[in-house]
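A short worksheet on the structure shown next.
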There are 2 protein chains.
Amino acid sequence: MALAPLAHALFTRHLRHDPADPRWPDRDRFVLSIGHASMLLYGALHLSGYDLSLDDLRQFRQRGSRAPGHPEPWVTPGVEMVTGPLGQGVANAVGMALAERMLAARFNQPGHTIVDHRTWALAGDGDMMEGVAGEAASLAGHLRLGRLTVFYDDNRISLEGSTRLHFSEDVGTRFAAYGWQVLRLFDVADAAAIDEAVSDAAADADRPTLVIVHTHIGVGSPVVDTAAAHGAPLGETGAASAREALGWAHRPFEIPGTVYDHWRQGVSARARAHTEWRAAMDRYRTAHPDLAAEHERVQSGRLPDGWQQAVPRFEAGTRVATRRASGQALNALAGAVPELVGGAADLAPSTLTYLHGHDDVGPRRFAGRNVHFGVREHAMGAMLNGMAAHGGLRVYGATFFVFSDYLRPAIRLAALQRLPVVYVFTHDSIGLGEDGPTHQPVEHLASLRAIPGLRVVRPADANETAQAWAQALDHRGPTALVLSRQALPVLDSDLVDVSAGAAVLAPGVDAAIVATGSEVEVALAAAEALRDEGIGARVVSLPSWEVFAEQDEAVRHRVLPPGIPSVAVEAASALGWRDLVDEVVGLSRFGASGPATVLYTEMGITPEAVADRVRHLLARVQAPQGDGEPKGNTT
Amino acid sequence: MALAPLAHALFTRHLRHDPADPRWPDRDRFVLSIGHASMLLYGALHLSGYDLSLDDLRQFRQRGSRAPGHPEPWVTPGVEMVTGPLGQGVANAVGMALAERMLAARFNQPGHTIVDHRTWALAGDGDMMEGVAGEAASLAGHLRLGRLTVFYDDNRISLEGSTRLHFSEDVGTRFAAYGWQVLRLFDVADAAAIDEAVSDAAADADRPTLVIVHTHIGVGSPVVDTAAAHGAPLGETGAASAREALGWAHRPFEIPGTVYDHWRQGVSARARAHTEWRAAMDRYRTAHPDLAAEHERVQSGRLPDGWQQAVPRFEAGTRVATRRASGQALNALAGAVPELVGGAADLAPSTLTYLHGHDDVGPRRFAGRNVHFGVREHAMGAMLNGMAAHGGLRVYGATFFVFSDYLRPAIRLAALQRLPVVYVFTHDSIGLGEDGPTHQPVEHLASLRAIPGLRVVRPADANETAQAWAQALDHRGPTALVLSRQALPVLDSDLVDVSAGAAVLAPGVDAAIVATGSEVEVALAAAEALRDEGIGARVVSLPSWEVFAEQDEAVRHRVLPPGIPSVAVEAASALGWRDLVDEVVGLSRFGASGPATVLYTEMGITPEAVADRVRHLLARVQAPQGDGEPKGNTT
């Protein structure tokens with residue numbers, strides 16, 4: 001409630017937006033980082049004339065309403081981002097502000113400024129405490145993202161009570177240390193002061209701006225300035241007393257026509273910028289027809305014609321780390337897909353994700369394609385979400401696979417929103433060796449596979465890796481590429497095919513050995529040993545469970561015929577494999593510091609162990625036990 | 001290499017430590033947050049006389065060496081914490097410094113200062129960029145942890161090259177904004193300047209101190225001041241040239257006796273404090289025998305005699321949310337276990353984790369037991385690790401289950417180190433309702449179950465919850481308690497038994513229905529419907545997969561007999577359940593905003609769906625198909 005005057009000022013006097021076209025590319029982006037205050041946003045959208053009815057507001061938080069508990073862009077026109085998990089929205093906004101500058105550097109021409117919008121975020125104490133917001137703010141200051149303005153609602157009340165319990169730092173000084181302009185607004189109801197702050201924010205083209213807004217939570221209500229105002233309903237009497245205190249002589253959900261008139265008058269003035277932009281685009285189209293067509297293309301999300309021809313093929317017979325194949329595929333695809341940009345959390349040289357021949361993105365320099373996120377995995381994840389949601393760019397971010405945990409909250413939100421983000425996670429198992437258990441992922445494949453809507457792809461060789469990159473770019477949702485540090489044999493590119501999520505690499509009908517990534521080599525060796533004994537074990541590379549699950553049953557059964565004994569091998573937690581196979585050779589412990597070959601042997605990820613398991617299964621099939629086999633035979 | 005003079009100064013002139021007893025409770029704690037510089041620590045430990053041989057150093061990063069790639073306390077005497085994932089060590093150190101102050105407030109008496117040590121951390125640029133370190137630094141400043149000193153190695157070089165690429169903030173000003181004293185050391189080889197900084201840090205009892213150390217990475221080597229100095233080996237010629245530049249006329253691993261003499265002389269002076277402390281403890285034991293015995297007990301990790309009697313029992317027939325039962329059990333146990341302390345990431349009122357009748361921990365006030373972590377989940381996780389590793393306290397931390405993702409990197413490290421931390425994760429499924437998919441965990445059970453060494457416990461009712469709390473306190477490793485927001489029926493306390501990880505709640509031998517948490521109610525209803533049809537379906541509550549897996553096969557088969565058709569039901573990702581049962585009623589999508597009952601019906605987590613699945617399985621058993629049943633029948 002306290003922030004209503006600010007929302008009013010922004011939506012009617014400052015935001016560049018047009019409710020008739022919520023997807024207008026050059027609109028300002030507004031991110032409600034305090035997602036639990038969703039009703040503030042819904043109210044502003046409704047009054048502004050977005051397609052969100054009073055009935056939706058009445059059905060707040062009910063199934064089927066366009067006013068869900070936290071903002072959901074696919075449900076509510078005018079909502080830019082899913083928010084709620086604190087800190088994310090601030091970092092999303094940093095990503096959006098960066099995307100705007102990068103697109104401006106690509107498309108604006110002398111006399112033609114067609115990318116010209118600002119990014120706004122509304123944050124709270126919780127956002128200021130979350131590390132992800134601090135990481136992103138540091139990078140925003142470094143990059144000098146002057147078109148970003150964050151309003152920080154400093155109400156000094158958190159869920160547990162006064163922020164004095166746990167939060168006494170000087171936020172303004174901290175943001176100044178990041179390189180931000182810091183302003184203060186002492187009375188949020190002072191319209192002139194808001195306008196002045198916005199004007200000062202716009203005047204500083206070189207620094208992002210934090211406006212610290214001193215408010216009183218639940219103002220006008222009986223719970224003003226208390227933690228109870230956070231989520232607990234006011235109740236009928238509370239709401240009535242708030243109405244009286246605020247001098248609001250109307251019943252619930254009764255909005256006088258004069259209020260609508262006033263809002264819509266302001267909004268229609270704001271929307272005039274859209275008409276002007278259309279005219280500017282017409283002039284641009286005449287002066288720069290190719291760029292205009294390109295702008296339209298990248299905004300639509302369509303990739304350039306013939307981009308797939310850039311996917312490289314690797315010759316069988318050599319050994320190439322899949323991270324290295326990824327680096328080559330990425331660079332080749334970047335040549336064909338100019339909107340492909342990204343970077344690493346200070347690990348570009350190890351993840352091999354640098355785009356060679358392209359500039360770095362840096363302070364005031366946005367024409368490049370290599371973003372240096374610094375050792376800020378979480379901000380990278382949340383900024384990628386903001387960049388992807390902004391539109392006009394295709395983005396990737398890289399780190400070691402074990403550190404996917406650091407950005408996991410952002411990965412989840414990419415999956416929930418189906419944002420086309422590509423994660424490049426290298427150093428994918430105990431195969432990385434000497435760095436030891438802190439750097440060796442064990443549980444990460446299973447834990448990412450558990451996220452609905454996320455594609456996890458662990459290619460077995462250079463050709464699968466190149467195909468997986470193409471598949472990821474062709475997908476309207478997030479993809480995690482899981483890649484090896486160590487060299488792996490390059491397979492026959494005619495056999496390799498990731499389009500169904502799985503492919504048969506060696507024939508056989510007596511048994512099936514299923515593997516991913518570096519363990520496909522182990523599976524092939526096991527199958528060879530079995531072949532010498534007359535056992536025909538087919539080898540299936542299954543880089544993506546999610547893509548495989550999307551296939552028709554006939555396709556799945558062609559790859560993995562039902563009824564034949566099957567063993568999976570993966571140097572990772574076995575969790576989930578029993579949906580697909582009978583037994584699993586996996587890991588149920590952390591790794592260790594030592595050479596990879598020593599670790600594979602010590603931990604039993606060997607062709608011998610896999611072959612033994614196949615022999616054991618075949619023996620059981622030939623002499624079945626009467627009382628049923630106990631479950632849980634995974635290691 | 002650049003930091004060698006600092007390590008020398010600390011280990012020989014400032015740290016309170018005794019290599020003869022690396023576990024002395026009143027030793028200073030030293031955390032190498034830059035874990036990749038492990039050789040710096042190993043060198044200092046070896047020269048100081050810890051049980052770490054030159055042979056171990058020669059076998060650096062090899063399997064079986066006491067000098068693994070990153071520090072591992074169970075491998076190397078004198079190592080306090082696993083470090084490597086950046087940012088964690090700084091937050092671990094904040095937790096240790098807090099534990100020291102809390103123990104001092106409990107045990108020190110006028111004239112008897114038996115808890116009197118300091119905490120030191122060595123951090124790098126990466127640590128300063130990671131959000132978790134910023135979160136913890138903010139709380140350290142708030143709490144005025146004056147006995148904490150962090151040296152920040154400001155070498156302006158990250159893995160990608162110059163930190164100018166992505167890091168231009170003013171770190172000193174940022175830490176001053178957090179409430180820290182900030183000092184600068186311009187020449188790390190200037191012993192007097194180091195001593196002065198340490199002395200200034202000690203003089204400010206009220207503020208933690210950040211010492212910004214300006215160094216040159218790889219000093220003396222050919223790769224000085226470049227990113228190549230980070231991890232790439234110098235090679236023989238590089239090492240030789242470094243030796244020459246540093247005026248070090250000795251072969252590799254040849255250490256002159258004078259160097260040992262010099263180090264050990266310094267260290268033995270430092271260890272004198274241990275002798276004095278033993279004498280002080282003798283006096284304390286005489287003056288305060290009860291406190292001395294209590295001090296010894298908490299340091300040993302032994303719980304008080306008879307503590308189990310505090311576990312509450314709940315009467316069947318009512319409905320109680322498991323988060324509420326947890327709050328009661330926690331408070332009851334806190335009465336019997338004085339070392340039990342903890343708090344929430346600003347969600348104590350929702351997670352019900354406040355210890356009533358006990359004080360808050362706050363600035364300069366450490367006698368309380370309620371820690372307010374603020375909206376800083378990740379710092380909470382890493383601080384809990386530091387507190388647990390420090391010893392003397394049993395710790396817990398709470399937030400919503402969906403936000404377990406925020407502290408996941410710290411949970412992993414707790415599991416790797418077997419630290420006895422209890423996580424209280426409430427609001428555990430779509431059952432939380434209206435807050436919608438951002439707040440509804442779906443993948444979190446599977447993703448935590450995938451972490452080796454972590455116990456995940458999702459109790460079905462108030463009595464399982466109370467027992468689970470006791471089980472967690474009795475366990476020398478981390479436990480995640482996963483609890484409901486909504487009320488659940490209280491089961492007969494004679495039936496409930498979590499000691500084997502699973503128990504039979506309703507008999508039956510025709511089929512088994514396995515469930516956890518709120519879905520046990522669904523399973524019981526399904527079994528009842530089947531009973532009316534003459535099908536005896538046993539109901540198994542399986543709160544902890546990990547505890548169940550630890551049982552003998554006989555125990556497991558008694559609970560879940562092999563060979564009978566089995567169905568699991570859990571309002572979460574089905575990943576992993578097929579290790580235990582034939583089919584799963586679960587979720588493969590995100591939740592939604594709406595009332596819990598609507599969501600359960602819409603998403604098919606109902607007694608009818610479970611009963612149908614049992615009927616289907618029984619029909620299949622009665623008419624088996626010849627060609628084998630395809631796998632993957634999970635929803």
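Here, A, B, ... name the chains of the structure tokens in the order displayed, residue numbers run from 1 inside each chain, and ligands are numbered from 1 in the same displayed order.
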
Selection near Glu339 of chain B, 9 Å with only C-alpha atoms, sequence-local residues under 6 positions removed, as a PyMOL selection string: chain B and resi 298+303+369+392-395

Gly536 of chain A environment, 9 Å, only C-alpha atoms, sequence neighbours closer than 3 positions dropped, as a list in words: Pro507, Gly508, Val509, Asp510, Ala511, Ala512, Ala527, Glu528, Leu530, Arg531 and Glu533 of chain A

Next, write the just-selected residues to a file, as a compact mmCIF listing (two decimals), in the first residue's frame, keeping all heavy atoms as the atom set.
# COMPACT_ATOMS: atom_id res chain seq x y z
N PRO A 507 25.26 -52.31 -32.09
CA PRO A 507 24.05 -53.13 -32.10
C PRO A 507 24.14 -54.27 -31.09
O PRO A 507 25.20 -54.53 -30.52
CB PRO A 507 24.02 -53.66 -33.53
CG PRO A 507 25.46 -53.73 -33.93
CD PRO A 507 26.18 -52.63 -33.18
N GLY A 508 23.04 -54.97 -30.90
CA GLY A 508 23.00 -56.08 -29.95
C GLY A 508 21.60 -56.23 -29.40
O GLY A 508 20.90 -55.22 -29.20
N VAL A 509 21.16 -57.46 -29.14
CA VAL A 509 19.80 -57.67 -28.64
C VAL A 509 19.78 -58.52 -27.37
O VAL A 509 18.71 -58.77 -26.81
CB VAL A 509 18.89 -58.32 -29.71
CG1 VAL A 509 18.66 -57.35 -30.86
CG2 VAL A 509 19.51 -59.62 -30.21
N ASP A 510 20.96 -58.98 -26.93
CA ASP A 510 20.98 -59.78 -25.70
C ASP A 510 20.83 -58.90 -24.46
O ASP A 510 20.26 -59.31 -23.45
CB ASP A 510 22.30 -60.56 -25.60
CG ASP A 510 22.46 -61.54 -26.76
OD1 ASP A 510 21.42 -62.00 -27.27
OD2 ASP A 510 23.61 -61.80 -27.16
N ALA A 511 21.40 -57.72 -24.53
CA ALA A 511 21.35 -56.80 -23.39
C ALA A 511 21.61 -55.40 -23.91
O ALA A 511 22.03 -55.22 -25.07
CB ALA A 511 22.42 -57.18 -22.35
N ALA A 512 21.33 -54.42 -23.05
CA ALA A 512 21.60 -53.03 -23.44
C ALA A 512 22.45 -52.37 -22.37
O ALA A 512 22.22 -52.58 -21.17
CB ALA A 512 20.29 -52.26 -23.62
N ALA A 527 30.88 -53.59 -23.84
CA ALA A 527 30.17 -54.33 -24.88
C ALA A 527 31.16 -55.16 -25.69
O ALA A 527 30.86 -56.30 -26.09
CB ALA A 527 29.40 -53.38 -25.79
N GLU A 528 32.34 -54.60 -25.93
CA GLU A 528 33.34 -55.34 -26.69
C GLU A 528 33.79 -56.59 -25.94
O GLU A 528 33.90 -57.67 -26.52
CB GLU A 528 34.53 -54.43 -26.98
CG GLU A 528 35.44 -55.00 -28.03
CD GLU A 528 36.18 -53.90 -28.78
OE1 GLU A 528 35.53 -52.88 -29.12
OE2 GLU A 528 37.39 -54.05 -29.01
N LEU A 530 32.06 -58.25 -23.82
CA LEU A 530 30.96 -59.20 -23.83
C LEU A 530 30.84 -59.87 -25.20
O LEU A 530 30.50 -61.06 -25.29
CB LEU A 530 29.65 -58.50 -23.46
CG LEU A 530 29.56 -58.03 -22.01
CD1 LEU A 530 28.41 -57.07 -21.82
CD2 LEU A 530 29.41 -59.23 -21.06
N ARG A 531 31.10 -59.11 -26.25
CA ARG A 531 31.01 -59.66 -27.60
C ARG A 531 31.96 -60.85 -27.75
O ARG A 531 31.62 -61.84 -28.36
CB ARG A 531 31.33 -58.58 -28.63
CG ARG A 531 30.85 -58.94 -30.04
CD ARG A 531 30.81 -57.71 -30.96
NE ARG A 531 30.02 -56.65 -30.33
CZ ARG A 531 30.43 -55.40 -30.13
NH1 ARG A 531 31.63 -55.04 -30.51
NH2 ARG A 531 29.64 -54.52 -29.55
N GLU A 533 32.57 -62.92 -25.64
CA GLU A 533 31.96 -64.08 -24.99
C GLU A 533 30.67 -64.50 -25.70
O GLU A 533 29.92 -65.33 -25.18
CB GLU A 533 31.61 -63.74 -23.53
CG GLU A 533 32.83 -63.33 -22.71
CD GLU A 533 32.42 -62.65 -21.40
OE1 GLU A 533 31.31 -62.91 -20.90
OE2 GLU A 533 33.24 -61.87 -20.88

Go through segment 63-299 of chain B and collect every residue that DSSP, computed from the backbone, puts in strand (DSSP E or B); the answer should be as a short mmCIF file (atom, residue, chain, number, x, y, z; two decimals) with N, CA, C and O atoms, in the first residue's frame.
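This went into part_17.cif:
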data_model
loop_
_atom_site.label_atom_id
_atom_site.label_comp_id
_atom_site.auth_asym_id
_atom_site.auth_seq_id
_atom_site.Cartn_x
_atom_site.Cartn_y
_atom_site.Cartn_z
N GLN B 109 33.70 -16.64 32.92
CA GLN B 109 33.22 -16.13 34.21
C GLN B 109 34.21 -15.07 34.69
O GLN B 109 35.36 -15.06 34.25
N HIS B 112 37.83 -15.74 34.84
CA HIS B 112 38.07 -17.00 34.13
C HIS B 112 37.66 -16.83 32.67
O HIS B 112 36.47 -16.93 32.34
N THR B 119 39.37 -15.54 14.96
CA THR B 119 39.16 -16.25 13.69
C THR B 119 39.81 -15.44 12.58
O THR B 119 39.63 -14.22 12.51
N TRP B 120 40.52 -16.14 11.73
CA TRP B 120 41.24 -15.52 10.62
C TRP B 120 40.82 -16.17 9.32
O TRP B 120 40.64 -17.39 9.26
N ALA B 121 40.71 -15.39 8.29
CA ALA B 121 40.45 -15.97 6.97
C ALA B 121 41.33 -15.28 5.95
O ALA B 121 41.67 -14.11 6.10
N LEU B 122 41.66 -16.06 4.94
CA LEU B 122 42.45 -15.53 3.84
C LEU B 122 41.59 -15.66 2.59
O LEU B 122 41.19 -16.77 2.21
N ALA B 123 41.28 -14.51 1.99
CA ALA B 123 40.32 -14.47 0.88
C ALA B 123 40.94 -13.83 -0.35
O ALA B 123 41.98 -13.17 -0.26
N GLY B 124 40.29 -14.04 -1.49
CA GLY B 124 40.77 -13.46 -2.74
C GLY B 124 39.68 -12.68 -3.46
O GLY B 124 38.58 -12.49 -2.93
N LEU B 148 37.13 -11.21 14.38
CA LEU B 148 37.29 -11.79 13.04
C LEU B 148 38.17 -10.87 12.19
O LEU B 148 37.92 -9.67 12.11
N THR B 149 39.18 -11.45 11.59
CA THR B 149 40.05 -10.70 10.66
C THR B 149 40.13 -11.45 9.34
O THR B 149 40.49 -12.62 9.31
N VAL B 150 39.78 -10.76 8.27
CA VAL B 150 39.87 -11.34 6.93
C VAL B 150 40.96 -10.60 6.15
O VAL B 150 40.91 -9.37 6.03
N PHE B 151 41.93 -11.34 5.69
CA PHE B 151 42.93 -10.77 4.78
C PHE B 151 42.43 -10.97 3.35
O PHE B 151 42.10 -12.10 2.96
N TYR B 152 42.37 -9.90 2.62
CA TYR B 152 41.90 -9.98 1.24
C TYR B 152 43.09 -9.76 0.31
O TYR B 152 43.64 -8.67 0.24
N ASP B 153 43.46 -10.82 -0.38
CA ASP B 153 44.59 -10.80 -1.31
C ASP B 153 44.15 -10.12 -2.60
O ASP B 153 43.56 -10.74 -3.47
N ASP B 154 44.43 -8.85 -2.70
CA ASP B 154 43.96 -8.05 -3.83
C ASP B 154 45.04 -8.06 -4.90
O ASP B 154 45.82 -7.12 -5.02
N ILE B 157 44.12 -10.02 -10.28
CA ILE B 157 44.17 -11.02 -11.36
C ILE B 157 43.15 -12.12 -11.06
O ILE B 157 43.18 -12.71 -9.99
N SER B 158 42.27 -12.35 -11.98
CA SER B 158 41.36 -13.49 -11.84
C SER B 158 41.70 -14.49 -12.93
O SER B 158 42.63 -14.28 -13.70
N GLY B 161 41.88 -13.08 -16.38
CA GLY B 161 42.85 -12.04 -16.65
C GLY B 161 42.75 -10.96 -15.59
O GLY B 161 42.52 -11.26 -14.42
N SER B 162 42.89 -9.71 -15.99
CA SER B 162 42.80 -8.61 -15.03
C SER B 162 41.40 -8.52 -14.45
O SER B 162 40.40 -8.72 -15.14
N GLN B 181 36.06 -2.48 10.15
CA GLN B 181 37.29 -1.72 10.07
C GLN B 181 38.03 -2.18 8.81
O GLN B 181 38.14 -3.39 8.57
N VAL B 182 38.54 -1.25 8.04
CA VAL B 182 39.25 -1.61 6.80
C VAL B 182 40.67 -1.08 6.85
O VAL B 182 40.89 0.13 7.03
N LEU B 183 41.63 -1.98 6.75
CA LEU B 183 43.06 -1.61 6.77
C LEU B 183 43.68 -2.00 5.43
O LEU B 183 43.14 -2.81 4.69
N ARG B 184 44.84 -1.41 5.14
CA ARG B 184 45.54 -1.75 3.90
C ARG B 184 46.99 -2.11 4.18
O ARG B 184 47.63 -1.50 5.03
N LEU B 185 47.46 -3.10 3.44
CA LEU B 185 48.84 -3.55 3.57
C LEU B 185 49.44 -3.46 2.17
O LEU B 185 49.04 -4.18 1.26
N THR B 209 37.57 -6.93 10.99
CA THR B 209 38.57 -6.18 10.22
C THR B 209 38.82 -6.84 8.88
O THR B 209 39.01 -8.06 8.80
N LEU B 210 38.83 -6.02 7.84
CA LEU B 210 39.27 -6.47 6.51
C LEU B 210 40.63 -5.83 6.26
O LEU B 210 40.75 -4.59 6.30
N VAL B 211 41.64 -6.65 6.03
CA VAL B 211 42.96 -6.14 5.67
C VAL B 211 43.14 -6.37 4.18
O VAL B 211 43.22 -7.51 3.72
N ILE B 212 43.16 -5.30 3.43
CA ILE B 212 43.35 -5.41 1.98
C ILE B 212 44.84 -5.47 1.70
O ILE B 212 45.58 -4.54 2.00
N VAL B 213 45.26 -6.61 1.17
CA VAL B 213 46.68 -6.86 0.95
C VAL B 213 46.98 -6.73 -0.54
O VAL B 213 46.42 -7.48 -1.35
N HIS B 214 47.83 -5.78 -0.88
CA HIS B 214 48.16 -5.58 -2.30
C HIS B 214 49.33 -6.48 -2.65
O HIS B 214 50.43 -6.28 -2.18
#

Residue nearest His439 of chain A - candidates A:Ser588, A:Ser38, A:Ser593, A:Gln328, atoms counted: only C-alpha atoms: A:Ser593

Residue list (helix (DSSP H, G or I), DSSP) for segment 290-364 of chain B, as a PyMOL selection string: chain B and resi 290-300+307-310+322-336+348-351

Option closest in space to chain A, from B:Asp28, B:Asp18, B:Glu254, B:Asp170 [counting only C-alpha atoms]: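 Closest residue, counting only C-alpha atoms: B:Asp170.
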
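Proximity to His295 of chain B was assessed for B:Phe590, B:Phe175, B:Phe107, B:Tyr406 counting only C-alpha atoms; the smallest distance is recorded for B:Phe107.
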
Residues near Pro71 of chain A, cut-off 9 Å, only C-alpha atoms, skip fewer than 6 positions along chain, as a PyMOL selection string: chain A and resi 32+35-36+38-39+41-42+79-84

Just N, CA, C and O atoms for this one: save the residues we selected as a tab-separated table (two decimals), in the first residue's frame.
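out.tsv written:
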chain	number	residue	atom	x	y	z
A	32	LEU	N	9.16	-6.13	-10.76
A	32	LEU	CA	8.76	-6.06	-9.35
A	32	LEU	C	9.57	-7.11	-8.58
A	32	LEU	O	9.13	-8.25	-8.43
A	35	GLY	N	8.22	-9.65	-5.38
A	35	GLY	CA	7.11	-10.33	-6.04
A	35	GLY	C	5.91	-10.57	-5.14
A	35	GLY	O	4.78	-10.70	-5.62
A	36	HIS	N	6.14	-10.63	-3.82
A	36	HIS	CA	5.01	-10.84	-2.91
A	36	HIS	C	4.08	-9.64	-2.89
A	36	HIS	O	2.95	-9.73	-2.42
A	38	SER	N	2.67	-8.49	-5.40
A	38	SER	CA	2.13	-8.59	-6.75
A	38	SER	C	0.89	-7.73	-6.96
A	38	SER	O	0.67	-7.21	-8.04
A	39	MET	N	0.07	-7.58	-5.91
A	39	MET	CA	-1.16	-6.82	-6.08
A	39	MET	C	-0.87	-5.37	-6.46
A	39	MET	O	-1.67	-4.74	-7.16
A	41	LEU	N	1.43	-4.40	-8.49
A	41	LEU	CA	1.64	-4.44	-9.94
A	41	LEU	C	0.31	-4.70	-10.66
A	41	LEU	O	-0.01	-4.02	-11.65
A	42	TYR	N	-0.47	-5.67	-10.15
A	42	TYR	CA	-1.76	-5.96	-10.80
A	42	TYR	C	-2.66	-4.72	-10.80
A	42	TYR	O	-3.32	-4.43	-11.79
A	79	VAL	N	3.21	-8.18	-17.30
A	79	VAL	CA	4.21	-8.68	-16.34
A	79	VAL	C	5.44	-9.14	-17.13
A	79	VAL	O	5.31	-9.91	-18.09
A	80	GLU	N	6.62	-8.66	-16.74
A	80	GLU	CA	7.85	-8.97	-17.50
A	80	GLU	C	8.53	-10.24	-17.01
A	80	GLU	O	9.16	-10.95	-17.79
A	81	MET	N	8.50	-10.47	-15.69
A	81	MET	CA	9.31	-11.54	-15.11
A	81	MET	C	8.56	-12.22	-13.99
A	81	MET	O	7.80	-11.57	-13.27
A	82	VAL	N	8.80	-13.50	-13.83
A	82	VAL	CA	8.44	-14.18	-12.58
A	82	VAL	C	9.34	-13.64	-11.49
A	82	VAL	O	10.57	-13.61	-11.64
A	83	THR	N	8.75	-13.21	-10.40
A	83	THR	CA	9.54	-12.78	-9.25
A	83	THR	C	8.92	-13.33	-7.98
A	83	THR	O	7.78	-13.80	-7.98
A	84	GLY	N	9.65	-13.27	-6.92
A	84	GLY	CA	9.19	-13.83	-5.64
A	84	GLY	C	10.40	-14.26	-4.83
A	84	GLY	O	10.65	-13.75	-3.75

Residues near Ser404 of chain B, cut-off 12 Å, only C-alpha atoms, skip fewer than 2 positions along chain, as JSON, numbers by chain: {"A": [85, 405, 406, 408, 409], "B": [344, 345, 376, 377, 378, 380, 381, 397, 398, 399, 400, 401, 402, 406, 407, 408, 409, 410, 411, 412, 423, 424, 425, 426, 427, 428, 439, 440, 441, 442, 443, 444, 445, 447, 448, 480, 481, 482]}
